[in-house]
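Student: Below is the file data.txt, which contains compact mmCIF, C-alpha atoms.
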```txt
# COMPACT_ATOMS: atom_id res chain seq x y z
CA MET A 17 28.20 16.06 0.43
CA GLY A 18 27.38 17.99 3.54
CA ASN A 19 24.44 17.64 5.87
CA SER A 20 22.32 20.50 4.55
CA SER A 21 18.88 19.60 3.27
CA SER A 22 19.76 20.78 -0.24
CA ASP A 23 22.46 18.08 -0.45
CA GLU A 24 20.01 15.21 -0.02
CA LYS A 25 19.40 13.33 -3.24
CA VAL A 26 15.86 12.66 -4.43
CA SER A 27 15.44 8.93 -4.94
CA ALA A 28 13.72 7.22 -7.84
CA ALA A 29 11.09 6.07 -5.34
CA VAL A 30 9.99 9.70 -5.01
CA THR A 31 9.88 10.47 -8.71
CA LEU A 32 9.24 7.21 -10.56
CA GLY A 33 7.15 6.15 -7.58
CA LEU A 34 4.51 8.57 -8.81
CA PHE A 35 3.91 6.28 -11.76
CA ALA A 36 3.85 3.17 -9.57
CA ALA A 37 1.36 4.72 -7.13
CA TRP A 38 -0.78 5.96 -10.01
CA ALA A 39 -0.76 2.46 -11.62
CA LEU A 40 -1.94 0.80 -8.41
CA HIS A 41 -4.65 3.43 -7.94
CA ASP A 42 -5.86 3.18 -11.53
CA THR A 43 -5.98 -0.60 -11.25
CA GLU A 44 -8.73 -0.08 -8.69
CA GLU A 45 -10.51 2.34 -11.02
CA LEU A 46 -10.22 -0.08 -13.96
CA ALA A 47 -11.62 -2.92 -11.88
CA THR A 48 -14.58 -0.98 -10.51
CA GLY A 49 -15.28 2.13 -12.61
CA PRO A 50 -17.43 1.08 -15.57
CA ARG A 51 -19.66 -1.24 -13.54
CA TRP A 52 -20.04 1.35 -10.77
CA VAL A 53 -21.19 3.98 -13.29
CA ARG A 54 -23.75 1.60 -14.83
CA GLU A 55 -25.16 0.66 -11.44
CA ASN A 56 -25.05 4.03 -9.68
CA VAL A 57 -25.69 6.88 -12.13
CA PRO A 58 -29.47 6.20 -12.23
CA VAL A 59 -29.62 6.42 -8.42
CA LEU A 60 -27.47 9.55 -8.36
CA ARG A 61 -29.66 11.23 -11.01
CA GLU A 62 -32.63 10.80 -8.69
CA ARG A 63 -30.72 11.96 -5.61
CA TRP A 64 -29.38 15.10 -7.33
CA PRO A 65 -31.91 16.26 -9.92
CA GLY A 66 -30.22 19.68 -10.09
CA VAL A 67 -27.09 18.27 -11.73
CA PRO A 68 -27.21 19.08 -15.45
CA ASP A 69 -28.30 16.12 -17.56
CA GLY A 70 -25.16 16.53 -19.69
CA VAL A 71 -23.00 15.51 -16.73
CA TRP A 72 -24.88 12.23 -16.33
CA ARG A 73 -24.87 11.58 -20.09
CA ALA A 74 -21.11 12.19 -20.21
CA MET A 75 -20.55 9.68 -17.40
CA GLU A 76 -22.78 7.08 -19.03
CA GLY A 77 -21.28 7.73 -22.46
CA VAL A 78 -17.86 6.34 -21.54
CA ASP A 79 -17.89 2.67 -22.41
CA GLU A 80 -15.44 0.14 -21.01
CA ARG A 81 -13.20 0.19 -24.11
CA GLU A 82 -12.91 3.97 -23.98
CA PHE A 83 -12.22 3.91 -20.25
CA LYS A 84 -9.41 1.38 -20.68
CA ALA A 85 -7.93 3.38 -23.57
CA ALA A 86 -8.10 6.58 -21.48
CA VAL A 87 -6.20 4.86 -18.67
CA GLY A 88 -3.57 3.85 -21.23
CA VAL A 89 -3.21 7.44 -22.46
CA MET A 90 -3.01 8.66 -18.88
CA ALA A 91 -0.25 6.10 -18.25
CA GLY A 92 1.82 7.84 -20.90
CA ILE A 93 1.15 11.27 -19.39
CA VAL A 94 1.94 10.24 -15.82
CA GLY A 95 4.93 8.18 -16.95
CA ALA A 96 6.37 11.17 -18.80
CA GLY A 97 5.89 13.37 -15.75
CA ALA A 98 7.53 10.82 -13.46
CA VAL A 99 10.51 10.55 -15.82
CA ALA A 100 10.76 14.36 -15.94
CA GLY A 101 10.92 14.30 -12.15
CA TRP A 102 13.55 11.57 -12.14
CA VAL A 103 15.77 13.27 -14.75
CA SER A 104 15.57 16.62 -12.93
CA GLY A 105 16.14 15.22 -9.45
CA GLY A 106 12.58 16.18 -8.53
CA ARG A 107 12.95 19.81 -9.67
CA SER A 108 10.69 19.54 -12.73
CA ALA A 109 7.71 21.89 -12.44
CA VAL A 110 5.69 19.42 -14.53
CA TYR A 111 6.50 16.56 -12.17
CA GLN A 112 5.68 18.63 -9.09
CA ALA A 113 2.37 19.80 -10.62
CA MET A 114 1.51 16.16 -11.40
CA LEU A 115 2.43 15.09 -7.88
CA ASN A 116 0.24 17.85 -6.42
CA GLY A 117 -2.58 17.00 -8.81
CA PHE A 118 -2.33 13.32 -7.94
CA GLY A 119 -2.63 14.01 -4.22
CA LEU A 120 -5.46 16.51 -4.67
CA HIS A 121 -7.34 14.12 -6.94
CA GLY A 122 -7.10 11.54 -4.17
CA LEU A 123 -8.81 14.00 -1.83
CA MET A 124 -11.48 14.52 -4.50
CA HIS A 125 -12.14 10.76 -4.53
CA VAL A 126 -12.71 10.85 -0.77
CA GLY A 127 -15.04 13.84 -1.21
CA GLN A 128 -16.99 12.00 -3.90
CA ALA A 129 -17.44 8.98 -1.63
CA LEU A 130 -18.66 11.21 1.18
CA ALA A 131 -21.07 12.96 -1.20
CA VAL A 132 -22.60 9.69 -2.44
CA ARG A 133 -22.41 8.16 1.05
CA GLY A 134 -20.68 5.05 -0.18
CA TYR A 135 -18.00 3.54 -2.32
CA THR A 136 -16.82 5.34 -5.46
CA PRO A 137 -14.12 4.02 -7.80
CA GLY A 138 -10.70 5.03 -6.53
CA VAL A 139 -11.67 5.75 -2.94
CA ALA A 140 -10.08 2.62 -1.47
CA THR A 141 -6.59 3.55 -2.66
CA SER A 142 -6.94 7.31 -2.19
CA PRO A 143 -6.55 7.55 1.61
CA THR A 144 -4.31 4.48 1.78
CA LEU A 145 -1.96 5.16 -1.15
CA VAL A 146 -2.58 8.30 -3.22
CA VAL A 147 -2.65 10.94 -0.49
CA PRO A 148 0.06 9.32 1.68
CA PHE A 149 2.37 8.94 -1.33
CA ALA A 150 1.88 12.58 -2.35
CA VAL A 151 2.53 13.81 1.20
CA TRP A 152 5.59 11.55 1.57
CA ALA A 153 7.05 12.55 -1.82
CA ARG A 154 6.50 16.25 -1.11
CA GLY A 155 8.29 15.77 2.21
CA ARG A 156 11.25 14.14 0.46
CA LEU A 157 11.38 16.95 -2.11
CA LYS A 158 11.31 19.50 0.71
CA ARG A 159 14.13 17.74 2.59
CA ALA A 160 16.17 17.77 -0.61
CA GLY A 161 15.55 21.50 -1.00
CA VAL A 162 13.83 21.17 -4.40
CA LEU A 163 10.14 21.47 -3.48
CA ARG A 164 8.51 24.52 -4.95
CA SER A 165 6.55 26.45 -2.35
CA ALA A 166 2.88 25.53 -2.20
CA ARG A 167 0.72 28.56 -2.74
CA GLY A 168 -2.83 28.86 -3.95
CA ARG A 169 -1.66 28.95 -7.53
CA ASP A 170 0.14 25.61 -6.99
CA VAL A 171 -3.13 24.03 -5.86
CA VAL A 172 -4.83 25.47 -8.93
CA ALA A 173 -1.96 24.23 -11.15
CA GLY A 174 -2.19 20.73 -9.67
CA LEU A 175 -5.95 20.57 -10.14
CA ALA A 176 -5.62 22.04 -13.64
CA TRP A 177 -3.04 19.40 -14.52
CA ALA A 178 -5.28 16.59 -13.28
CA GLY A 179 -8.31 17.99 -15.09
CA ALA A 180 -6.49 18.66 -18.35
CA ALA A 181 -4.84 15.23 -18.34
CA THR A 182 -8.24 13.60 -17.80
CA VAL A 183 -9.84 15.58 -20.63
CA VAL A 184 -6.95 14.83 -22.99
CA SER A 185 -6.84 11.12 -22.13
CA HIS A 186 -10.58 10.69 -22.66
CA GLY A 187 -10.52 12.76 -25.86
CA VAL A 188 -7.72 10.67 -27.34
CA ALA A 189 -9.34 7.44 -26.13
CA ARG A 190 -12.69 8.36 -27.69
CA ARG A 191 -11.02 9.00 -31.05
CA VAL A 192 -9.03 5.77 -30.89
CA VAL A 193 -12.08 3.67 -29.96
CA ARG A 194 -14.25 5.27 -32.67
CA ALA A 195 -11.52 4.84 -35.28
CA ARG A 196 -11.30 1.13 -34.47
CA GLY A 197 -15.10 0.81 -34.70
```
Show this structure as structure tokens.

Tutor:
Amino acid sequence: MGNSSSDEKVSAAVTLGLFAAWALHDTEELATGPRWVRENVPVLRERWPGVPDGVWRAMEGVDEREFKAAVGVMAGIVGAGAVAGWVSGGRSAVYQAMLNGFGLHGLMHVGQALAVRGYTPGVATSPTLVVPFAVWARGRLKRAGVLRSARGRDVVAGLAWAGAATVVSHGVARRVVRARG
């Protein structure tokens, strides 16, 4: 192999590392999420009365069993994306969209914490793990010559991936939890 950037191999740390970083981040969310919602949604309702009541009801309607099941479903989604990245040497469009979505969702956690002026589930690992991992992995993909250019549509695709995966994971989790009674 020569010294050109396209000859650099993408390591498993870049691709499968997405799953590891996600697992550490979601451990924080599992440990803090349900309790935080119970304790903070009433205060947030008062602070932001203009937010549609359906948003608050949706947040309060996710019980701990559903939340845990949703994290399990998301593990499968993120794991599949990380494997797609590994198998393709980082070239997979699905993997790259997930990586972008992961990093952008970390920025959203920071924005949420700023908006509520305090801790929100996931904010501790977002600036310390999620965003740095996404930036580092994108840098490695770029050095290897496999990073797709980041345009506005890539940001939209990353956010769409994160949103769709969240909706799917909660939808599946809700059905599983209700089926089990």

Student: Go ahead and compute the interatomic distance for atom CA of A:Leu130 and atom CA of A:Gly70, in Å to one decimal.

Tutor: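 Going from atom CA of A:Leu130 over to atom CA of A:Gly70, I get 22.5 Å.
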
Student: Please, what distance in Å, to one decimal, runs between atom CA of A:Thr43 and atom CA of A:Arg63?

Tutor: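 Atom-to-atom, atom CA of A:Thr43 and atom CA of A:Arg63 are spaced 28.3 Å apart.
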
Student: Could you check the closest approach to A:Phe149 for each of A:Thr31, A:Ser104, A:Thr136, A:Ser165 and tell me which residue wins, using all atoms listed in the file?

Tutor: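 Closest to A:Phe149, using all atoms listed in the file: A:Thr31.
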
Student: Interatomic distance between atom CA of A:Leu145 and atom CA of A:Glu24?

Tutor: 24.2 Å

Student: Counting only C-alpha atoms, which of A:Leu123, A:Val89, A:Ala153, A:Val188 gets nearest to A:Ala28?

Tutor: A:Ala153

Student: For A:Leu175, find every residue with an atom within 7 Å (counting all atoms listed in the file), except residues of its own chain fewer than 3 positions away, and show them as a list in words.

Tutor: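 The neighbour list is Gly117, Leu120, Val171, Val172, Ala178 and Gly179 of chain A.
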
Student: Between A:His125, A:Ala100, A:His186, A:Val30, which has the minimum distance to A:Ala74 (counting only C-alpha atoms)?

Tutor: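 Comparing A:His125, A:Ala100, A:His186, A:Val30 against A:Ala74, the winner is A:His186.
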
Student: Using only C-alpha atoms, pick whichever of A:Pro143, A:Gly134, A:Gly101, A:Gly88 has the shortest atom-to-atom distance to A:Ser185.

Tutor: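 Using only C-alpha atoms, the shortest distance to A:Ser185 belongs to A:Gly88.
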
Student: Mind rebuilding stretch 42-53 of chain A with all heavy atoms and writing that out as a PDB file, keeping the file's coordinate frame?

Tutor:
```pdb
ATOM      1  N   ASP A  42      -5.022   3.337 -10.350  1.00  0.00           N
ATOM      2  CA  ASP A  42      -5.860   3.180 -11.530  1.00  0.00           C
ATOM      3  C   ASP A  42      -6.261   1.729 -11.763  1.00  0.00           C
ATOM      4  O   ASP A  42      -7.261   1.477 -12.440  1.00  0.00           O
ATOM      5  CB  ASP A  42      -5.205   3.800 -12.764  1.00  0.00           C
ATOM      6  CG  ASP A  42      -5.750   5.204 -13.013  1.00  0.00           C
ATOM      7  OD1 ASP A  42      -5.971   5.931 -12.024  1.00  0.00           O
ATOM      8  OD2 ASP A  42      -5.976   5.565 -14.180  1.00  0.00           O
ATOM      9  N   THR A  43      -5.538   0.789 -11.196  1.00  0.00           N
ATOM     10  CA  THR A  43      -5.980  -0.600 -11.250  1.00  0.00           C
ATOM     11  C   THR A  43      -7.318  -0.743 -10.531  1.00  0.00           C
ATOM     12  O   THR A  43      -8.222  -1.432 -11.009  1.00  0.00           O
ATOM     13  CB  THR A  43      -4.906  -1.531 -10.650  1.00  0.00           C
ATOM     14  OG1 THR A  43      -3.724  -1.423 -11.445  1.00  0.00           O
ATOM     15  CG2 THR A  43      -5.371  -2.976 -10.613  1.00  0.00           C
ATOM     16  N   GLU A  44      -7.441  -0.080  -9.400  1.00  0.00           N
ATOM     17  CA  GLU A  44      -8.730  -0.080  -8.690  1.00  0.00           C
ATOM     18  C   GLU A  44      -9.814   0.539  -9.562  1.00  0.00           C
ATOM     19  O   GLU A  44     -10.919  -0.001  -9.675  1.00  0.00           O
ATOM     20  CB  GLU A  44      -8.630   0.687  -7.370  1.00  0.00           C
ATOM     21  CG  GLU A  44      -9.974   0.771  -6.654  1.00  0.00           C
ATOM     22  CD  GLU A  44     -10.035   1.762  -5.510  1.00  0.00           C
ATOM     23  OE1 GLU A  44      -9.008   2.410  -5.196  1.00  0.00           O
ATOM     24  OE2 GLU A  44     -11.126   1.903  -4.938  1.00  0.00           O
ATOM     25  N   GLU A  45      -9.511   1.677 -10.185  1.00  0.00           N
ATOM     26  CA  GLU A  45     -10.510   2.340 -11.020  1.00  0.00           C
ATOM     27  C   GLU A  45     -10.900   1.478 -12.225  1.00  0.00           C
ATOM     28  O   GLU A  45     -12.074   1.423 -12.596  1.00  0.00           O
ATOM     29  CB  GLU A  45     -10.004   3.703 -11.473  1.00  0.00           C
ATOM     30  CG  GLU A  45      -9.907   4.694 -10.328  1.00  0.00           C
ATOM     31  CD  GLU A  45      -9.463   6.064 -10.772  1.00  0.00           C
ATOM     32  OE1 GLU A  45      -8.734   6.179 -11.779  1.00  0.00           O
ATOM     33  OE2 GLU A  45      -9.846   7.036 -10.099  1.00  0.00           O
ATOM     34  N   LEU A  46      -9.924   0.818 -12.834  1.00  0.00           N
ATOM     35  CA  LEU A  46     -10.220  -0.080 -13.960  1.00  0.00           C
ATOM     36  C   LEU A  46     -11.129  -1.234 -13.529  1.00  0.00           C
ATOM     37  O   LEU A  46     -12.035  -1.624 -14.262  1.00  0.00           O
ATOM     38  CB  LEU A  46      -8.934  -0.659 -14.550  1.00  0.00           C
ATOM     39  CG  LEU A  46      -8.196   0.195 -15.549  1.00  0.00           C
ATOM     40  CD1 LEU A  46      -6.823  -0.408 -15.842  1.00  0.00           C
ATOM     41  CD2 LEU A  46      -8.994   0.362 -16.828  1.00  0.00           C
ATOM     42  N   ALA A  47     -10.862  -1.766 -12.359  1.00  0.00           N
ATOM     43  CA  ALA A  47     -11.620  -2.920 -11.880  1.00  0.00           C
ATOM     44  C   ALA A  47     -13.042  -2.561 -11.481  1.00  0.00           C
ATOM     45  O   ALA A  47     -13.932  -3.412 -11.548  1.00  0.00           O
ATOM     46  CB  ALA A  47     -10.895  -3.567 -10.699  1.00  0.00           C
ATOM     47  N   THR A  48     -13.277  -1.322 -11.078  1.00  0.00           N
ATOM     48  CA  THR A  48     -14.580  -0.980 -10.510  1.00  0.00           C
ATOM     49  C   THR A  48     -15.350   0.099 -11.259  1.00  0.00           C
ATOM     50  O   THR A  48     -16.573   0.168 -11.122  1.00  0.00           O
ATOM     51  CB  THR A  48     -14.419  -0.520  -9.052  1.00  0.00           C
ATOM     52  OG1 THR A  48     -13.597   0.656  -9.025  1.00  0.00           O
ATOM     53  CG2 THR A  48     -13.791  -1.608  -8.192  1.00  0.00           C
ATOM     54  N   GLY A  49     -14.664   0.934 -12.022  1.00  0.00           N
ATOM     55  CA  GLY A  49     -15.280   2.130 -12.610  1.00  0.00           C
ATOM     56  C   GLY A  49     -16.477   1.908 -13.520  1.00  0.00           C
ATOM     57  O   GLY A  49     -17.584   2.397 -13.226  1.00  0.00           O
ATOM     58  N   PRO A  50     -16.305   1.208 -14.628  1.00  0.00           N
ATOM     59  CA  PRO A  50     -17.430   1.080 -15.570  1.00  0.00           C
ATOM     60  C   PRO A  50     -18.686   0.448 -14.954  1.00  0.00           C
ATOM     61  O   PRO A  50     -19.795   0.927 -15.162  1.00  0.00           O
ATOM     62  CB  PRO A  50     -16.847   0.209 -16.687  1.00  0.00           C
ATOM     63  CG  PRO A  50     -15.377   0.520 -16.647  1.00  0.00           C
ATOM     64  CD  PRO A  50     -15.072   0.659 -15.178  1.00  0.00           C
ATOM     65  N   ARG A  51     -18.502  -0.591 -14.176  1.00  0.00           N
ATOM     66  CA  ARG A  51     -19.660  -1.240 -13.540  1.00  0.00           C
ATOM     67  C   ARG A  51     -20.320  -0.292 -12.545  1.00  0.00           C
ATOM     68  O   ARG A  51     -21.547  -0.212 -12.465  1.00  0.00           O
ATOM     69  CB  ARG A  51     -19.229  -2.531 -12.859  1.00  0.00           C
ATOM     70  CG  ARG A  51     -20.371  -3.246 -12.200  1.00  0.00           C
ATOM     71  CD  ARG A  51     -19.922  -4.532 -11.580  1.00  0.00           C
ATOM     72  NE  ARG A  51     -21.045  -5.144 -10.882  1.00  0.00           N
ATOM     73  CZ  ARG A  51     -20.947  -6.218 -10.174  1.00  0.00           C
ATOM     74  NH1 ARG A  51     -19.786  -6.833 -10.052  1.00  0.00           N
ATOM     75  NH2 ARG A  51     -21.994  -6.708  -9.564  1.00  0.00           N
ATOM     76  N   TRP A  52     -19.503   0.423 -11.765  1.00  0.00           N
ATOM     77  CA  TRP A  52     -20.040   1.350 -10.770  1.00  0.00           C
ATOM     78  C   TRP A  52     -20.895   2.411 -11.457  1.00  0.00           C
ATOM     79  O   TRP A  52     -21.989   2.737 -10.974  1.00  0.00           O
ATOM     80  CB  TRP A  52     -18.899   1.996  -9.975  1.00  0.00           C
ATOM     81  CG  TRP A  52     -19.407   2.844  -8.855  1.00  0.00           C
ATOM     82  CD1 TRP A  52     -19.621   2.452  -7.568  1.00  0.00           C
ATOM     83  CD2 TRP A  52     -19.785   4.215  -8.929  1.00  0.00           C
ATOM     84  NE1 TRP A  52     -20.118   3.514  -6.835  1.00  0.00           N
ATOM     85  CE2 TRP A  52     -20.220   4.600  -7.652  1.00  0.00           C
ATOM     86  CE3 TRP A  52     -19.798   5.164  -9.939  1.00  0.00           C
ATOM     87  CZ2 TRP A  52     -20.669   5.888  -7.355  1.00  0.00           C
ATOM     88  CZ3 TRP A  52     -20.252   6.453  -9.664  1.00  0.00           C
ATOM     89  CH2 TRP A  52     -20.673   6.808  -8.377  1.00  0.00           C
ATOM     90  N   VAL A  53     -20.423   2.953 -12.570  1.00  0.00           N
ATOM     91  CA  VAL A  53     -21.190   3.980 -13.290  1.00  0.00           C
ATOM     92  C   VAL A  53     -22.529   3.406 -13.742  1.00  0.00           C
ATOM     93  O   VAL A  53     -23.583   4.025 -13.531  1.00  0.00           O
ATOM     94  CB  VAL A  53     -20.380   4.545 -14.481  1.00  0.00           C
ATOM     95  CG1 VAL A  53     -21.258   5.374 -15.403  1.00  0.00           C
ATOM     96  CG2 VAL A  53     -19.205   5.378 -13.973  1.00  0.00           C
TER      97      VAL A  53
END
```
